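A quick write-up on the structure given underneath.
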Amino acid sequence: MLIKNENMKLVDLSVYSNELLTEGLGQGEVTEQDAQNALAQLYISYAEEQAKVFLVSNMHFTTLTIDNVNLQGLWTRLKEIFCSIVREDSIFSKIIDFILEAIGQIIPLGIFVKSLVKIIIKYFLQKGIGAVCPV
């Protein structure tokens, strides 16, 4: 799967995943709200990019905010997609790949801003598959 990095360059998902593993996810705890907001911000970046592509001078767009994007159920969809592809015995690097795949399903060819993606990944890893994907 191809994604766009924050420099607007297309990169392979596995290359992006390896970069994240190399850089690390940073210190500190991430709350579910932090992760939801990061996903919403990724979606807003994607929507803004699409608006530039399809913008017609007489069209008016509603301003997207983190709060109104969070109300659209993106977080629930992300967890559903992730939980449908992850396995309980998945290794660390594969879990990251599965999270990126799930994000890619919600934000196809959107801009994957590393600082935001890291927040989402860190939340999923801190909570664990069992907590994110209850049976």
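Chain labels A, B, ... are given in the sequence in which chains occur in the structure tokens; within each chain residues are numbered consecutively from 1, and ligands are likewise numbered from 1 in the order shown.
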* Name the residues of stretch 1-129 of chain A that come out as helix (DSSP H, G or I) in a backbone DSSP run; write them as a ChimeraX atom specification. => /A:13-23,32-54,66-70,74-85,92-106,114-127,129
* Skipping near chain neighbours, those fewer than 6 positions away, what residues fall within 12 Å of A:Ser17 using only C-alpha atoms, listed as a list in words? -> Met1, Leu2, Ile3, Asn5, Val11, Glu23, Gly24, Leu25, Phe92, Ser93, Lys94, Ile95, Ile96, Asp97, Phe98, Ile99, Leu100, Glu101, Phe112, Lys114, Val117, Lys118 and Ile121 of chain A
* Best match for closeness to A:Ser45 among A:Asp67, A:Glu6, A:Glu19, A:Asp89, counting only C-alpha atoms -> A:Glu6
What's around A:Glu80 at 12 Å? Count only C-alpha atoms, leave out sequence neighbours fewer than 6 positions away in its own chain, and write the answer as an mmCIF file with all heavy atoms, in the first residue's frame.
data_model
loop_
_atom_site.group_PDB
_atom_site.id
_atom_site.type_symbol
_atom_site.label_atom_id
_atom_site.label_comp_id
_atom_site.auth_asym_id
_atom_site.auth_seq_id
_atom_site.Cartn_x
_atom_site.Cartn_y
_atom_site.Cartn_z
ATOM 1 N N GLY A 73 -17.424 8.891 14.022
ATOM 2 C CA GLY A 73 -17.167 7.472 14.237
ATOM 3 C C GLY A 73 -15.891 6.945 13.616
ATOM 4 O O GLY A 73 -15.741 5.733 13.438
ATOM 5 N N LEU A 74 -14.956 7.817 13.273
ATOM 6 C CA LEU A 74 -13.695 7.362 12.683
ATOM 7 C C LEU A 74 -12.935 6.429 13.621
ATOM 8 O O LEU A 74 -12.357 5.441 13.186
ATOM 9 C CB LEU A 74 -12.789 8.552 12.349
ATOM 10 C CG LEU A 74 -13.186 9.430 11.192
ATOM 11 C CD1 LEU A 74 -12.173 10.554 11.016
ATOM 12 C CD2 LEU A 74 -13.287 8.628 9.917
ATOM 13 N N VAL A 86 -5.797 -7.952 12.860
ATOM 14 C CA VAL A 86 -4.741 -8.307 13.813
ATOM 15 C C VAL A 86 -5.048 -9.663 14.438
ATOM 16 O O VAL A 86 -6.201 -10.088 14.497
ATOM 17 C CB VAL A 86 -4.594 -7.218 14.910
ATOM 18 C CG1 VAL A 86 -5.753 -7.257 15.889
ATOM 19 C CG2 VAL A 86 -3.257 -7.325 15.620
ATOM 20 N N PHE A 98 -0.376 -3.413 10.861
ATOM 21 C CA PHE A 98 -1.838 -3.533 10.866
ATOM 22 C C PHE A 98 -2.498 -2.203 11.239
ATOM 23 O O PHE A 98 -3.536 -1.840 10.679
ATOM 24 C CB PHE A 98 -2.300 -4.632 11.813
ATOM 25 C CG PHE A 98 -1.899 -6.028 11.385
ATOM 26 C CD1 PHE A 98 -1.551 -6.967 12.338
ATOM 27 C CD2 PHE A 98 -1.862 -6.390 10.054
ATOM 28 C CE1 PHE A 98 -1.189 -8.258 11.964
ATOM 29 C CE2 PHE A 98 -1.491 -7.679 9.662
ATOM 30 C CZ PHE A 98 -1.155 -8.616 10.631
ATOM 31 N N ILE A 99 -1.916 -1.480 12.179
ATOM 32 C CA ILE A 99 -2.461 -0.169 12.551
ATOM 33 C C ILE A 99 -2.365 0.777 11.352
ATOM 34 O O ILE A 99 -3.320 1.483 11.022
ATOM 35 C CB ILE A 99 -1.722 0.423 13.769
ATOM 36 C CG1 ILE A 99 -1.955 -0.451 15.013
ATOM 37 C CG2 ILE A 99 -2.185 1.856 14.036
ATOM 38 C CD1 ILE A 99 -1.017 -0.140 16.165
ATOM 39 N N GLU A 101 -2.222 -0.046 8.204
ATOM 40 C CA GLU A 101 -3.197 -0.499 7.205
ATOM 41 C C GLU A 101 -4.586 0.017 7.529
ATOM 42 O O GLU A 101 -5.316 0.464 6.648
ATOM 43 C CB GLU A 101 -3.235 -2.028 7.148
ATOM 44 C CG GLU A 101 -2.307 -2.634 6.153
ATOM 45 C CD GLU A 101 -2.520 -4.138 6.056
ATOM 46 O OE1 GLU A 101 -3.650 -4.573 5.726
ATOM 47 O OE2 GLU A 101 -1.557 -4.863 6.310
ATOM 48 N N ALA A 102 -4.955 -0.071 8.796
ATOM 49 C CA ALA A 102 -6.283 0.386 9.221
ATOM 50 C C ALA A 102 -6.429 1.890 8.989
ATOM 51 O O ALA A 102 -7.450 2.356 8.483
ATOM 52 C CB ALA A 102 -6.519 0.037 10.690
ATOM 53 N N ILE A 103 -5.393 2.648 9.344
ATOM 54 C CA ILE A 103 -5.427 4.088 9.094
ATOM 55 C C ILE A 103 -5.544 4.352 7.597
ATOM 56 O O ILE A 103 -6.308 5.210 7.162
ATOM 57 C CB ILE A 103 -4.178 4.790 9.679
ATOM 58 C CG1 ILE A 103 -4.186 4.713 11.213
ATOM 59 C CG2 ILE A 103 -4.114 6.259 9.228
ATOM 60 C CD1 ILE A 103 -2.879 5.159 11.856
ATOM 61 N N GLN A 105 -7.031 2.633 5.421
ATOM 62 C CA GLN A 105 -8.384 2.366 4.950
ATOM 63 C C GLN A 105 -9.308 3.550 5.203
ATOM 64 O O GLN A 105 -10.265 3.766 4.474
ATOM 65 C CB GLN A 105 -8.953 1.120 5.638
ATOM 66 C CG GLN A 105 -8.233 -0.142 5.285
ATOM 67 C CD GLN A 105 -8.310 -0.459 3.807
ATOM 68 O OE1 GLN A 105 -9.375 -0.405 3.203
ATOM 69 N NE2 GLN A 105 -7.181 -0.776 3.211
ATOM 70 N N ILE A 106 -9.008 4.315 6.239
ATOM 71 C CA ILE A 106 -9.830 5.473 6.582
ATOM 72 C C ILE A 106 -9.362 6.721 5.849
ATOM 73 O O ILE A 106 -10.153 7.569 5.465
ATOM 74 C CB ILE A 106 -9.818 5.693 8.110
ATOM 75 C CG1 ILE A 106 -10.537 4.531 8.782
ATOM 76 C CG2 ILE A 106 -10.454 7.024 8.497
ATOM 77 C CD1 ILE A 106 -10.456 4.530 10.271
ATOM 78 N N ILE A 129 -3.785 -5.573 22.449
ATOM 79 C CA ILE A 129 -4.821 -6.055 21.535
ATOM 80 C C ILE A 129 -6.090 -6.426 22.308
ATOM 81 O O ILE A 129 -7.197 -6.104 21.889
ATOM 82 C CB ILE A 129 -4.312 -7.260 20.705
ATOM 83 C CG1 ILE A 129 -3.175 -6.814 19.803
ATOM 84 C CG2 ILE A 129 -5.446 -7.875 19.880
ATOM 85 C CD1 ILE A 129 -2.429 -7.946 19.139
ATOM 86 N N VAL A 132 -8.022 -3.206 23.189
ATOM 87 C CA VAL A 132 -8.524 -2.471 22.021
ATOM 88 C C VAL A 132 -9.574 -3.285 21.286
ATOM 89 O O VAL A 132 -10.534 -2.742 20.760
ATOM 90 C CB VAL A 132 -7.358 -2.093 21.065
ATOM 91 C CG1 VAL A 132 -7.876 -1.480 19.790
ATOM 92 C CG2 VAL A 132 -6.392 -1.152 21.752
ATOM 93 N N CYS A 133 -9.401 -4.590 21.283
ATOM 94 C CA CYS A 133 -10.290 -5.495 20.546
ATOM 95 C C CYS A 133 -10.956 -6.476 21.513
ATOM 96 O O CYS A 133 -10.673 -7.677 21.475
ATOM 97 C CB CYS A 133 -9.512 -6.267 19.494
ATOM 98 S SG CYS A 133 -8.595 -5.281 18.328
ATOM 99 N N PRO A 134 -11.841 -5.990 22.363
ATOM 100 C CA PRO A 134 -12.484 -6.928 23.292
ATOM 101 C C PRO A 134 -13.328 -7.949 22.528
ATOM 102 O O PRO A 134 -13.906 -7.633 21.501
ATOM 103 C CB PRO A 134 -13.348 -6.027 24.173
ATOM 104 C CG PRO A 134 -13.521 -4.766 23.415
ATOM 105 C CD PRO A 134 -12.355 -4.643 22.485
ATOM 106 N N VAL A 135 -13.346 -9.147 23.052
ATOM 107 C CA VAL A 135 -14.060 -10.235 22.379
ATOM 108 C C VAL A 135 -15.543 -10.061 22.527
ATOM 109 O O VAL A 135 -16.083 -9.612 23.450
ATOM 110 C CB VAL A 135 -13.646 -11.604 22.957
ATOM 111 C CG1 VAL A 135 -14.321 -12.723 22.206
ATOM 112 C CG2 VAL A 135 -12.153 -11.755 22.888
#
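The shortest atom-to-atom distance to A:Ile107, with only C-alpha atoms taken into account, belongs to A:Leu42 out of A:Ile91, A:Leu42, A:Leu21, A:Leu13.
Between atom CA of A:Asn70 and atom CA of A:Glu32 the separation is 11.8 Å.
The space separating atom CA of A:Ile120 from atom CA of A:Ile81 comes to 13.9 Å.
Of note, atom CA of A:Lys127 and atom CA of A:Ala38 are spaced 16.3 Å apart.
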Excluding A:Asn37 and residues on its chain fewer than 2 positions from it, collect all residues at most 10 Å away from it, counting only C-alpha atoms, and give them as a short mmCIF file (atom, residue, chain, number, x, y, z; two decimals) with C-alpha atoms, in the first residue's frame.
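This went into result28.cif:
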data_model
loop_
_atom_site.label_atom_id
_atom_site.label_comp_id
_atom_site.auth_asym_id
_atom_site.auth_seq_id
_atom_site.Cartn_x
_atom_site.Cartn_y
_atom_site.Cartn_z
CA THR A 31 -4.82 8.51 26.26
CA GLU A 32 -7.61 7.28 24.03
CA GLN A 33 -8.67 10.92 23.57
CA ASP A 34 -5.13 11.80 22.40
CA ALA A 35 -5.27 8.97 19.85
CA LEU A 39 -6.80 10.37 13.94
CA ALA A 40 -9.19 13.30 13.54
CA GLN A 41 -6.29 15.60 12.69
CA LEU A 42 -5.05 13.11 10.08
CA TYR A 43 -8.53 13.05 8.59
CA THR A 65 -12.73 20.51 13.63
CA ILE A 66 -11.36 17.68 15.72
CA ASP A 67 -14.60 17.59 17.71
CA VAL A 69 -14.68 14.74 13.01
CA ASN A 70 -14.58 12.65 16.22
CA TRP A 75 -12.19 5.98 15.88
CA LEU A 116 0.07 11.97 14.73
CA ILE A 119 0.27 8.81 18.93
CA ILE A 120 -2.25 6.34 17.50
#
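When DSSP reads the backbone of this structure, the residues of stretch 1-120 of chain A it assigns to strand (DSSP E or B) are Leu2, Ile3, Lys4, Asn5, Leu10, Val11, Asp12, Ile111 and Phe112 of chain A.
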May I have the selected residues written with N, CA, C and O atoms, as an mmCIF file, in the first residue's frame?
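Contents of out_11.cif, as written:
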data_model
loop_
_atom_site.group_PDB
_atom_site.id
_atom_site.type_symbol
_atom_site.label_atom_id
_atom_site.label_comp_id
_atom_site.auth_asym_id
_atom_site.auth_seq_id
_atom_site.Cartn_x
_atom_site.Cartn_y
_atom_site.Cartn_z
ATOM 1 N N LEU A 2 0.522 2.223 -0.791
ATOM 2 C CA LEU A 2 1.246 3.490 -0.818
ATOM 3 C C LEU A 2 0.507 4.526 0.018
ATOM 4 O O LEU A 2 -0.722 4.565 0.030
ATOM 5 N N ILE A 3 1.286 5.339 0.704
ATOM 6 C CA ILE A 3 0.735 6.457 1.473
ATOM 7 C C ILE A 3 1.564 7.693 1.156
ATOM 8 O O ILE A 3 2.626 7.587 0.552
ATOM 9 N N LYS A 4 1.066 8.845 1.552
ATOM 10 C CA LYS A 4 1.847 10.071 1.428
ATOM 11 C C LYS A 4 2.424 10.413 2.791
ATOM 12 O O LYS A 4 1.711 10.399 3.788
ATOM 13 N N ASN A 5 3.722 10.737 2.814
ATOM 14 C CA ASN A 5 4.289 11.199 4.074
ATOM 15 C C ASN A 5 4.055 12.700 4.203
ATOM 16 O O ASN A 5 3.449 13.321 3.329
ATOM 17 N N LEU A 10 4.960 9.930 -2.060
ATOM 18 C CA LEU A 10 4.407 8.590 -1.917
ATOM 19 C C LEU A 10 5.493 7.655 -1.405
ATOM 20 O O LEU A 10 6.606 7.632 -1.934
ATOM 21 N N VAL A 11 5.160 6.915 -0.366
ATOM 22 C CA VAL A 11 6.088 5.935 0.196
ATOM 23 C C VAL A 11 5.331 4.643 0.446
ATOM 24 O O VAL A 11 4.134 4.639 0.693
ATOM 25 N N ASP A 12 6.050 3.549 0.374
ATOM 26 C CA ASP A 12 5.461 2.250 0.654
ATOM 27 C C ASP A 12 5.199 2.137 2.153
ATOM 28 O O ASP A 12 5.999 2.590 2.966
ATOM 29 N N ILE A 111 -2.436 12.216 4.025
ATOM 30 C CA ILE A 111 -1.106 12.575 4.497
ATOM 31 C C ILE A 111 -0.891 11.921 5.855
ATOM 32 O O ILE A 111 -1.631 12.186 6.800
ATOM 33 N N PHE A 112 0.108 11.066 5.961
ATOM 34 C CA PHE A 112 0.439 10.397 7.211
ATOM 35 C C PHE A 112 1.493 11.228 7.931
ATOM 36 O O PHE A 112 2.677 11.110 7.672
#
